[in-house]
Every structure is written in C-alpha cells, then in structure tokens.
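What follows is a set of notes on a single structure, which appears directly below.
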Amino acid sequence: MAKLTKVELKAKADALAKENVELRASLAQAHAAHVAPFTPIKREKRNTREDRVRVQIPDSHGMYADSGAIAAFLADLKDLDPDEIVMTGDHVDCGGFLAAHHTLGYVAQMEYSYEQDIAAANEFLNAIQANAPRAKIHYLEGNHEGRVERWCVTQALGNKGDAEMMRKVFAPQYLLDLKGRGIPYYRRSVQYMGLPIPGAIKLGKMHYIHEMGCAKHAAADIVARFGGSVRFGHTHRSQSEIIRNVAAGVLGAWNPGCLCILQQYYSHSTLTNQSHGYGVELITPSDHFLSLNVPIINGISHLSALMRRMV
C-alpha cells in the first residue's frame with residue numbers, strides 16, 4: 001500500500017472531521033425529536049429550619065402504569081406540596097427489543113413501542129413537576145432503565161466509546177431530558193455520597209436504592225445489610241421492617257409498593273402480592289422523621305382522610 005503524502009493525510013483528516021460533525025448533528029437531531037418539551041418551574045426556597053416533606057415514588061413502568069393509582073397519587077402530591085421527591089427507579093418499562101434477555105410469551109407484551117414508553121414517562125414527569133413545582137427531585141436508575149445500557153453494550157461489541165454514544169441517544173436519562181428538568185440521575189453503576197455500593201444515595205438519615213434483591217422478606221434483609229434506614233422499590237410489594245441494633249439504635253426499611261399494573265404478564269395466572277402506594281416522610285429540622293407507606297386501593301388513596309382532618 002502506497003504511503004500517503006502530507007497533503008493527502010490532511011485531506012483525509014479533514015474529511016473525517018466533517019463526517020464527525022455531520023454525525024453529531026444527526027444524533028442531536030434524533031435525540032431532540034424524542035424529548036418532550038418542558039419549561040423548568042422556578043422553585044420557591046423554603047426556610048431550612050422548617051419541617052420538611054419528602055415523597056418516594058416507586059415503580060410506575062411507563063406504559064404499564066396503572067391510571068387509577070397514578071391519578072390518586074398525583075392528587076395527594078398536590079395536597080402534600082413536598083419539598084423533595086425521590087423516584088426510586090423503573091419509571092420506564094423498556095420492554096421489547098430492550099428486554100431481549102427475557103423471553104416474551106404473549107402478543108400483548110408487544111403492544112407498545114419504546115417511543116410510547118418514553119412518552120408515557122415524560123407525561124408522568126410533567127404531571128409530577130406541575131403538581132409539586134417547589135420539590136427538588138432525585139431520579140434513581142432502576143433495573144428496567146438499566147436495560148438500555150445493557151443493550152448499548154451488546155450492540156457496541158465491547159467498544160466503550162460507541163456504547164456511551166448510543167446510551168446518550170437511547171437512554172431514558174436523556175430522552176426524559178432530566179438535565180433540562182433540573183433532575184439529577186443516579187446510575188446503578190456509579191457510587192454516590194461516599195456510600196460503598198453503587199446506585200444508592202443518602203438524604204438526611206434516610207438511604208434510597210432501587211433494589212438489593214427481591215426476597216419474600218426484602219425489607220428485613222435490606223435494613224440488616226444497610227445498617228441504616230432505607231427506602232427501596234423493585235418488589236412492587238408494600239413492606240416495612242423496624243429493627244434495633246447496638247450501634248445505630250432503631251432503624252427501618254420501607255417499600256411502598258408500586259404505581260403500575262399489579263398483574264404483570266410474567267406472573268401468568270398466579271395472583272401476585274403486589275399493591276399500589278407511595279412513601280411519605282415528615283422530617284424535622286434535625287433530620288428525624290416519620291416514615292409512612294401510603295396505600296392506594298382500587299384507585300383510592302388512604303391518606304385522603306388524614307389530609308382532610310389537617311385542613
């Protein structure tokens with residue numbers, strides 16, 4: 001093969017640079033086409049000496065969200081007017097080609113597209129920010145959002161740069177425009193706040209994580225492993241466990257359930273023990289808290305009676 005001259009090398013480099021610019025422009029255009037427009041809402045600052053309200057939003061699963069549970073939750077959210085919200089993952093289902101590692105068994109599982117799934121999650125986020133305009137929101141990546149990264153790694157055949165480029169085009173983190181919404185996103189592969197495990201955060205005296213397994217007694221297992229109070233999702237089952245140990249005193253773990261349909265296709269005809277709900281923490285200036293799992297049954301929130309008495 002003949003050696004290229006300096007002029008030929010420069011011409012080739014210029015051509016590659018032009019191709020890269022065109023590729024970046026095409027990717028930006030494709031990304032913009034899937035992002036729902038949203039105007040960030042300015043939040044009023046509250047006095048940090050006041051008591052605070054923090055809400056946990058568990059698994060809603062995009063196109064598999066339960067409309068009755070979502071409506072009840074959003075009505076409560078508006079009344080609660082929280083200071084902070086933690087979305088503990090799986091707010092996009094990411095099925096179909098993104099779930100190639102699972103075997104689909106029903107035609108009904110093929111009824112929605114990833115574009116529709118993202119649109120459903122965007123609509124939910126818009127409603128959350130409209131009903132709680134002053135809340136600081138945190139979004140933890142769940143195993144379903146994580147399916148996109150797995151797919152990108154597979155398609156990129158082990159090339160880190162290509163995988164990351166594809167993730168920026170297809171991942172919910174970008175298609176939901178979380179940066180534009182002012183919502184930090186916590187990946188399952190990254191450690192935060194000095195914690196020794198990835199995908200977990202700590203706010204005040206409470207830890208948050210999507211999951212540490214799905215055992216029958218998951219709350220008891222997770223509080224023992226953390227050695228601190230923790231809220232989590234993933235199992236879709238409302239649970240709580242309070243323990244006391246020598247080093248830390250009284251600790252607890254809470255899972256409020258989910259906001260998606262209760263009978264997923266993977267359960268076939270076996271009735272699940274899943275339930276609807278969300279979490280609420282009433283927090284003092286010293287970060288002590290009252291932690292509640294609020295049940296939603298047949299589309300009715302069981303916090304509503306208490307809220308009426310407080311008006």
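So you can find residues: chains in the structure tokens are A, B, ... in the order shown, residues in each start at 1, and ligands are numbered from 1 in order.
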
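For Ser240 of chain A, the list of residues within 6 Å, based on only C-alpha atoms and with local chain neighbours fewer than 5 positions off taken out, reads Ala219, Ala253 and Trp254 of chain A.
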
| Residues flagged helix (DSSP H, G or I) by DSSP in segment 109-294 of chain A, as a ChimeraX atom specification | /A:109-110,114-131,146-155,160-170,172-175,178-181,218-226,265-267

Selected residues, C-alpha atoms, written as a PDB file, in the first residue's frame, please.
ATOM      1  CA  GLN A 109     -46.352  -7.735  25.582  1.00  0.00           C
ATOM      2  CA  MET A 110     -45.631  -6.372  22.101  1.00  0.00           C
ATOM      3  CA  TYR A 114     -40.194   2.258  23.223  1.00  0.00           C
ATOM      4  CA  GLU A 115     -41.199   5.678  21.881  1.00  0.00           C
ATOM      5  CA  GLN A 116     -44.638   5.309  23.519  1.00  0.00           C
ATOM      6  CA  ASP A 117     -42.996   4.087  26.733  1.00  0.00           C
ATOM      7  CA  ILE A 118     -40.786   7.186  26.872  1.00  0.00           C
ATOM      8  CA  ALA A 119     -43.775   9.418  26.067  1.00  0.00           C
ATOM      9  CA  ALA A 120     -45.738   7.919  28.989  1.00  0.00           C
ATOM     10  CA  ALA A 121     -42.840   8.543  31.377  1.00  0.00           C
ATOM     11  CA  ASN A 122     -42.441  12.110  30.079  1.00  0.00           C
ATOM     12  CA  GLU A 123     -46.141  12.740  30.659  1.00  0.00           C
ATOM     13  CA  PHE A 124     -45.857  11.410  34.227  1.00  0.00           C
ATOM     14  CA  LEU A 125     -42.822  13.613  34.918  1.00  0.00           C
ATOM     15  CA  ASN A 126     -44.655  16.655  33.546  1.00  0.00           C
ATOM     16  CA  ALA A 127     -47.566  15.951  35.914  1.00  0.00           C
ATOM     17  CA  ILE A 128     -45.233  15.441  38.893  1.00  0.00           C
ATOM     18  CA  GLN A 129     -43.483  18.758  38.293  1.00  0.00           C
ATOM     19  CA  ALA A 130     -46.789  20.557  37.712  1.00  0.00           C
ATOM     20  CA  ASN A 131     -48.294  19.193  40.961  1.00  0.00           C
ATOM     21  CA  GLY A 146     -30.638  -0.210  33.060  1.00  0.00           C
ATOM     22  CA  ARG A 147     -31.789  -2.452  30.215  1.00  0.00           C
ATOM     23  CA  VAL A 148     -30.898   0.313  27.768  1.00  0.00           C
ATOM     24  CA  GLU A 149     -27.269   0.389  28.876  1.00  0.00           C
ATOM     25  CA  ARG A 150     -27.088  -3.398  28.607  1.00  0.00           C
ATOM     26  CA  TRP A 151     -28.484  -3.211  25.070  1.00  0.00           C
ATOM     27  CA  CYS A 152     -25.993  -0.476  24.107  1.00  0.00           C
ATOM     28  CA  VAL A 153     -23.058  -2.506  25.433  1.00  0.00           C
ATOM     29  CA  THR A 154     -24.236  -5.534  23.439  1.00  0.00           C
ATOM     30  CA  GLN A 155     -24.685  -3.568  20.218  1.00  0.00           C
ATOM     31  CA  LYS A 160     -16.833   1.798  25.427  1.00  0.00           C
ATOM     32  CA  GLY A 161     -16.984   4.952  23.307  1.00  0.00           C
ATOM     33  CA  ASP A 162     -19.639   3.563  20.978  1.00  0.00           C
ATOM     34  CA  ALA A 163     -21.686   2.211  23.898  1.00  0.00           C
ATOM     35  CA  GLU A 164     -21.660   5.580  25.664  1.00  0.00           C
ATOM     36  CA  MET A 165     -22.569   7.396  22.427  1.00  0.00           C
ATOM     37  CA  MET A 166     -25.556   5.059  21.921  1.00  0.00           C
ATOM     38  CA  ARG A 167     -26.607   5.459  25.554  1.00  0.00           C
ATOM     39  CA  LYS A 168     -26.752   9.234  25.095  1.00  0.00           C
ATOM     40  CA  VAL A 169     -29.128   8.705  22.178  1.00  0.00           C
ATOM     41  CA  PHE A 170     -31.405   5.992  23.617  1.00  0.00           C
ATOM     42  CA  PRO A 172     -34.182   7.399  29.483  1.00  0.00           C
ATOM     43  CA  GLN A 173     -31.795   9.756  31.278  1.00  0.00           C
ATOM     44  CA  TYR A 174     -31.532  11.742  28.035  1.00  0.00           C
ATOM     45  CA  LEU A 175     -34.905  11.064  26.380  1.00  0.00           C
ATOM     46  CA  LEU A 178     -33.686  15.095  33.119  1.00  0.00           C
ATOM     47  CA  LYS A 179     -30.863  17.627  32.937  1.00  0.00           C
ATOM     48  CA  GLY A 180     -33.196  20.167  31.360  1.00  0.00           C
ATOM     49  CA  ARG A 181     -35.766  19.442  34.057  1.00  0.00           C
ATOM     50  CA  ALA A 218     -36.903  -7.950  51.340  1.00  0.00           C
ATOM     51  CA  ALA A 219     -37.384  -5.154  53.891  1.00  0.00           C
ATOM     52  CA  ALA A 220     -35.879  -7.229  56.714  1.00  0.00           C
ATOM     53  CA  ASP A 221     -32.968  -8.239  54.511  1.00  0.00           C
ATOM     54  CA  ILE A 222     -32.167  -4.756  53.251  1.00  0.00           C
ATOM     55  CA  VAL A 223     -32.260  -2.963  56.624  1.00  0.00           C
ATOM     56  CA  ALA A 224     -29.901  -5.569  58.059  1.00  0.00           C
ATOM     57  CA  ARG A 225     -27.470  -5.089  55.165  1.00  0.00           C
ATOM     58  CA  PHE A 226     -27.579  -1.295  55.241  1.00  0.00           C
ATOM     59  CA  TYR A 265     -47.679 -10.857  32.206  1.00  0.00           C
ATOM     60  CA  TYR A 266     -44.651 -12.644  33.673  1.00  0.00           C
ATOM     61  CA  SER A 267     -46.853 -13.776  36.595  1.00  0.00           C
TER      62      SER A 267
END

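In this comparison, which uses only C-alpha atoms, the residue of A:Ser67, A:Ser113, A:Gln56, A:Gln264 approaching Met87 of chain A most closely is A:Gln56.
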
| What lies within 6 Å of segment 286-296 of chain A using only C-alpha atoms, ignoring chain neighbours under 5 positions off, as a PyMOL selection string? | chain A and resi 204+256+276-281+301-302

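Across A:Ile283, A:Ile57, A:Ala72, A:Ile297, the tightest approach to Leu203 of chain A is made by A:Ile283 when counting only C-alpha atoms.
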